[in-house]
Amino acid sequence: MRFQYVLSEIVTGLRRNLTMTMAVIITVSISIALFGTGLLIRAQSDAMRGYWYDRVEISVFMCNAYTAEGNCSEGTVTDSQRDALLAELENHPEVEEVFHESQEEAYERFAEDMDDPVVDVITPDQLQESFRVALVDPDEYEGVVSAVAGLPGVQNVHDQREVLGPLFRVLDWFQNGAVVVAAIQVVAATLLIANTIRLAAFNRRRETGIMRLVGASNFYIQLPFILEAAIAGLLGSVLGAAAVFTVQEVAVGRLLAPNFTFTAWVDRSDVWGIVPWLLITGVFISALASFVTLRRYLRV
Amino acid sequence: MIRFDNVTKVYPTQSGPALESLTMEVERGEFVFLVGPSGSGKSTFLRLVLKEDKPSDGRIRVAGKDLHRLSNWKVPHLRRRIGTVFQDFRLLPNKTVFENVAFALQVIGKSRRQISRDVPAVLDLVGLDGKQDRMPDQLSGGEQQRVAVARAFVNRPLILLADEPTGNLDPATSVGIMKLLDRINRTGTTVVMATHDQSIVDQMRKRVVQLEHGRLVRDQSRGVYGYTR
């Protein structure tokens, strides 16, 4: 294999086909950027899930003197009701751990969280005591909720997942949207690459014709074209990856993360984690598209 | 060296067959003229030898290989044993004489050392020594065809196929090319030349195979062109 020959063929080919090569690079970069954004959203989704699921718990609020809803017709929860509730929770297979929060503890936390004059007019007996339940598997919350929701002395069962659910649905929606658009772009990129390579093969039909005639192997004839496409694909995916870095830096680093500190955000290391996939995808679709095209246009 | 057994070739877009039940053999070291009017099957014959096309029926053996059983990926190796020359030279216009000939060796992966040894030798053989740095458009037609012959012969093939190599050349230049092909033939290379050039066939007195409508109508050793256009 004469490396120098292959190299000079690639350079010639890329230069001769400059406009089409640019088109390939741009299309690949857009599809890779969208694909990367989809992967980034998924990483974000995972980061949030990981952050929240460690903290997600079921709160079983018990009746106090002021509550009327739920099973509070008998007034403030009694000791026996509380014991029965605790026993039910501790015996449930999906329950990992149960913490008790008294009215005083609820007041302290409230005061801490709110830091507001309203704290001064609230007294501990207005708040509810509760059991905070950590689950073995946060996805399996429904069984626990239905097991205790109907017990006497329970005012309300609150599952924090229900609050996060819509957020994750929006993230899923964004992620799927980005992947669908990326897929459409990948199809466009593939067709464009196929066309570019066909044009390149046509431009060099004199050379390739002679190569066939003197017995150059198919691999040797096709290699410069495939490498040419792969290089264009690589340049495109590098640009696409740079765009993903920019998205992370601007959208997350400057806008979202400083203003919404209640959750984890993807950082630069997450982007580095997806960059190899972006480069591999970009190079692979380009090389594959040209290989398939050449099989049709440069036959023995 | 080349053996056709009852070979028929039908192109789907044409009415009659391009070759019909052709049986003939070319021995090692022979010089054969393939004559006949346009469309008589000469070019089809050459394409079949190179396995650029597959016969519709019949068997072809080239250089000891049954082409029917030769897998596609081995076809390049067959072609390395066959040199080919065309009427239109088919040189690369942006490469020098040396590079054009070297190209044929480069693309089959020969070493630089071998190229720098073989290319000047073959340019010397075809009478182009001292012109290796010229571009094709600085050469006469006859010289360009010599470059093409050098390219076809540089890998020392067993067979040299020539498709009307003198078709674009004047009679005096044509004689020069024929002398060159004759010299190559004397090195033991089998030469098959398709031609319309009556005076050359008559002068050379080599074996003449005449095709008409894809059928062999005459096979004569030390023959003449034998029909008028």
# chains A, B, ... in the order shown; residues from 1 in each chain; ligands from 1
>>> residues_around(residues="B:Gly29", least_positions_apart="3", cutoff="8 Å", atoms="only C-alpha atoms", output="number ranges by chain")
B: 185-186, 188-191
>>> write_last_selection(atoms="N, CA, C and O atoms", output="short mmCIF file (atom, residue, chain, number, x, y, z; two decimals), in the first residue's frame")
data_model
loop_
_atom_site.label_atom_id
_atom_site.label_comp_id
_atom_site.auth_asym_id
_atom_site.auth_seq_id
_atom_site.Cartn_x
_atom_site.Cartn_y
_atom_site.Cartn_z
N ASN B 185 6.11 -8.98 -28.80
CA ASN B 185 5.71 -10.35 -29.10
C ASN B 185 6.91 -11.30 -29.07
O ASN B 185 6.83 -12.41 -28.57
N ARG B 186 8.04 -10.80 -29.54
CA ARG B 186 9.24 -11.65 -29.58
C ARG B 186 9.82 -11.93 -28.20
O ARG B 186 10.63 -12.85 -28.04
N GLY B 188 8.08 -13.13 -26.01
CA GLY B 188 7.29 -14.26 -25.54
C GLY B 188 5.88 -13.86 -25.13
O GLY B 188 5.10 -14.71 -24.71
N THR B 189 5.56 -12.56 -25.24
CA THR B 189 4.24 -12.10 -24.87
C THR B 189 3.24 -12.38 -25.99
O THR B 189 3.51 -12.10 -27.16
N THR B 190 2.11 -12.96 -25.60
CA THR B 190 1.04 -13.20 -26.56
C THR B 190 0.39 -11.87 -26.90
O THR B 190 0.06 -11.10 -26.00
N VAL B 191 0.20 -11.57 -28.19
CA VAL B 191 -0.41 -10.30 -28.58
C VAL B 191 -1.68 -10.57 -29.38
O VAL B 191 -1.67 -11.35 -30.33
#
>>> residues_around(residues="stretch 261-273 of chain A", least_positions_apart="4", cutoff="9 Å", atoms="only C-alpha atoms", output="ChimeraX atom specification")
/A:36,39-41,43-45,47-48,50-52,241,244-245,248-249,252-253,256-257,277
>>> residues_around(residues="B:His77", least_positions_apart="6", cutoff="12 Å", atoms="only C-alpha atoms", output="ChimeraX atom specification")
/A:212-218,300 /B:50-51,62-63,65,67,70-71,83,108,155,157
>>> interface_residues(of="chain A", to="chain B", cutoff="12 Å", atoms="only C-alpha atoms", output="PyMOL selection string")
chain A and resi 1-6+9+12+204-224+299-300
>>> residues_around(residues="A:Val145", least_positions_apart="5", cutoff="9 Å", atoms="only C-alpha atoms", output="PDB file with C-alpha atoms, in the first residue's frame")
ATOM      1  CA  ILE A  58     -42.887   9.281  50.043  1.00  0.00           C
ATOM      2  CA  VAL A  60     -47.169  10.224  54.700  1.00  0.00           C
ATOM      3  CA  VAL A 157     -49.741  10.623  50.984  1.00  0.00           C
ATOM      4  CA  HIS A 158     -47.406  12.705  48.952  1.00  0.00           C
ATOM      5  CA  ASP A 159     -45.101  11.152  46.357  1.00  0.00           C
TER       6      ASP A 159
END
>>> select_by_dssp(residues="stretch 94-171 of chain A", states="strand (DSSP E or B)", output="VMD selection string")
chain A and resid 95 to 101 130 to 135 154 to 159
>>> write_last_selection(atoms="N, CA and C atoms", output="mmCIF file, in the first residue's frame")
data_model
loop_
_atom_site.group_PDB
_atom_site.id
_atom_site.type_symbol
_atom_site.label_atom_id
_atom_site.label_comp_id
_atom_site.auth_asym_id
_atom_site.auth_seq_id
_atom_site.Cartn_x
_atom_site.Cartn_y
_atom_site.Cartn_z
ATOM 1 N N VAL A 95 -40.241 -0.928 51.050
ATOM 2 C CA VAL A 95 -39.787 0.181 51.882
ATOM 3 C C VAL A 95 -38.356 -0.062 52.343
ATOM 4 N N GLU A 96 -37.518 0.933 52.132
ATOM 5 C CA GLU A 96 -36.127 0.811 52.530
ATOM 6 C C GLU A 96 -35.949 1.287 53.983
ATOM 7 N N GLU A 97 -36.485 2.464 54.247
ATOM 8 C CA GLU A 97 -36.272 3.073 55.547
ATOM 9 C C GLU A 97 -37.428 4.023 55.866
ATOM 10 N N VAL A 98 -37.750 4.163 57.128
ATOM 11 C CA VAL A 98 -38.819 5.078 57.533
ATOM 12 C C VAL A 98 -38.270 6.048 58.573
ATOM 13 N N PHE A 99 -38.460 7.345 58.332
ATOM 14 C CA PHE A 99 -38.087 8.360 59.326
ATOM 15 C C PHE A 99 -39.360 9.010 59.830
ATOM 16 N N HIS A 100 -39.350 9.332 61.102
ATOM 17 C CA HIS A 100 -40.498 10.037 61.652
ATOM 18 C C HIS A 100 -40.147 11.507 61.787
ATOM 19 N N GLU A 101 -41.043 12.387 61.357
ATOM 20 C CA GLU A 101 -40.830 13.816 61.532
ATOM 21 C C GLU A 101 -41.971 14.349 62.393
ATOM 22 N N SER A 130 -45.214 13.575 60.160
ATOM 23 C CA SER A 130 -45.233 12.722 58.963
ATOM 24 C C SER A 130 -44.212 11.599 59.088
ATOM 25 N N PHE A 131 -44.424 10.569 58.273
ATOM 26 C CA PHE A 131 -43.396 9.556 58.062
ATOM 27 C C PHE A 131 -42.770 9.823 56.706
ATOM 28 N N ARG A 132 -41.438 9.879 56.684
ATOM 29 C CA ARG A 132 -40.740 10.025 55.404
ATOM 30 C C ARG A 132 -40.227 8.638 55.025
ATOM 31 N N VAL A 133 -40.624 8.150 53.865
ATOM 32 C CA VAL A 133 -40.345 6.770 53.497
ATOM 33 C C VAL A 133 -39.379 6.729 52.307
ATOM 34 N N ALA A 134 -38.244 6.112 52.499
ATOM 35 C CA ALA A 134 -37.329 5.879 51.363
ATOM 36 C C ALA A 134 -37.653 4.508 50.767
ATOM 37 N N LEU A 135 -37.630 4.419 49.448
ATOM 38 C CA LEU A 135 -38.043 3.183 48.786
ATOM 39 C C LEU A 135 -36.832 2.388 48.280
ATOM 40 N N VAL A 154 -54.335 9.099 58.498
ATOM 41 C CA VAL A 154 -53.506 9.576 57.387
ATOM 42 C C VAL A 154 -54.259 10.674 56.648
ATOM 43 N N GLN A 155 -53.655 11.824 56.606
ATOM 44 C CA GLN A 155 -54.338 12.911 55.911
ATOM 45 C C GLN A 155 -54.070 12.859 54.410
ATOM 46 N N ASN A 156 -52.811 12.584 54.084
ATOM 47 C CA ASN A 156 -52.434 12.705 52.680
ATOM 48 C C ASN A 156 -51.129 11.938 52.469
ATOM 49 N N VAL A 157 -51.017 11.251 51.327
ATOM 50 C CA VAL A 157 -49.741 10.623 50.984
ATOM 51 C C VAL A 157 -49.179 11.365 49.788
ATOM 52 N N HIS A 158 -47.984 11.843 49.972
ATOM 53 C CA HIS A 158 -47.406 12.705 48.952
ATOM 54 C C HIS A 158 -46.191 12.007 48.341
ATOM 55 N N ASP A 159 -46.245 11.781 47.016
ATOM 56 C CA ASP A 159 -45.101 11.152 46.357
ATOM 57 C C ASP A 159 -44.379 12.206 45.534
#
>>> residues_around(residues="A:Leu171", least_positions_apart="2", cutoff="8 Å", atoms="only C-alpha atoms", output="MDAnalysis selection string")
chainID A and resid 41:42 45 167:169 173:175
>>> write_last_selection(atoms="C-alpha atoms", output="mmCIF file, in the first residue's frame")
data_model
loop_
_atom_site.group_PDB
_atom_site.id
_atom_site.type_symbol
_atom_site.label_atom_id
_atom_site.label_comp_id
_atom_site.auth_asym_id
_atom_site.auth_seq_id
_atom_site.Cartn_x
_atom_site.Cartn_y
_atom_site.Cartn_z
ATOM 1 C CA ILE A 41 -30.399 15.886 27.075
ATOM 2 C CA ARG A 42 -30.392 12.224 27.928
ATOM 3 C CA SER A 45 -32.183 13.507 32.306
ATOM 4 C CA LEU A 167 -40.227 17.504 34.166
ATOM 5 C CA PHE A 168 -38.907 14.150 33.041
ATOM 6 C CA ARG A 169 -41.631 13.908 30.427
ATOM 7 C CA TRP A 173 -39.811 14.855 24.703
ATOM 8 C CA PHE A 174 -36.866 17.145 23.975
ATOM 9 C CA GLN A 175 -34.506 14.204 23.762
#
>>> select_by_dssp(residues="stretch 47-278 of chain A", states="alpha helix (DSSP H)", output="ChimeraX atom specification")
/A:47-53,79-91,103-114,118-121,141-149,160-203,205-213,218-247,257-259,268-278
>>> residues_around(residues="B:Met135", least_positions_apart="4", cutoff="7 Å", atoms="only C-alpha atoms", output="list in words")
Pro93, Lys95, Thr96 and Val97 of chain B
>>> closest_residue(among="B:Arg156, B:His196, B:Arg134, B:Arg117", to="B:Asn94", atoms="only C-alpha atoms")
B:Arg134
>>> residues_around(residues="B:Ser21", least_positions_apart="4", cutoff="8 Å", atoms="only C-alpha atoms", output="list of chain:residue names")
B:Asp5, B:Asn6, B:Val7, B:Thr8, B:Gly58, B:Arg215
>>> atom_distance(atom1="atom CA of A:Ala33", atom2="atom CA of A:Arg49")
23.8 Å
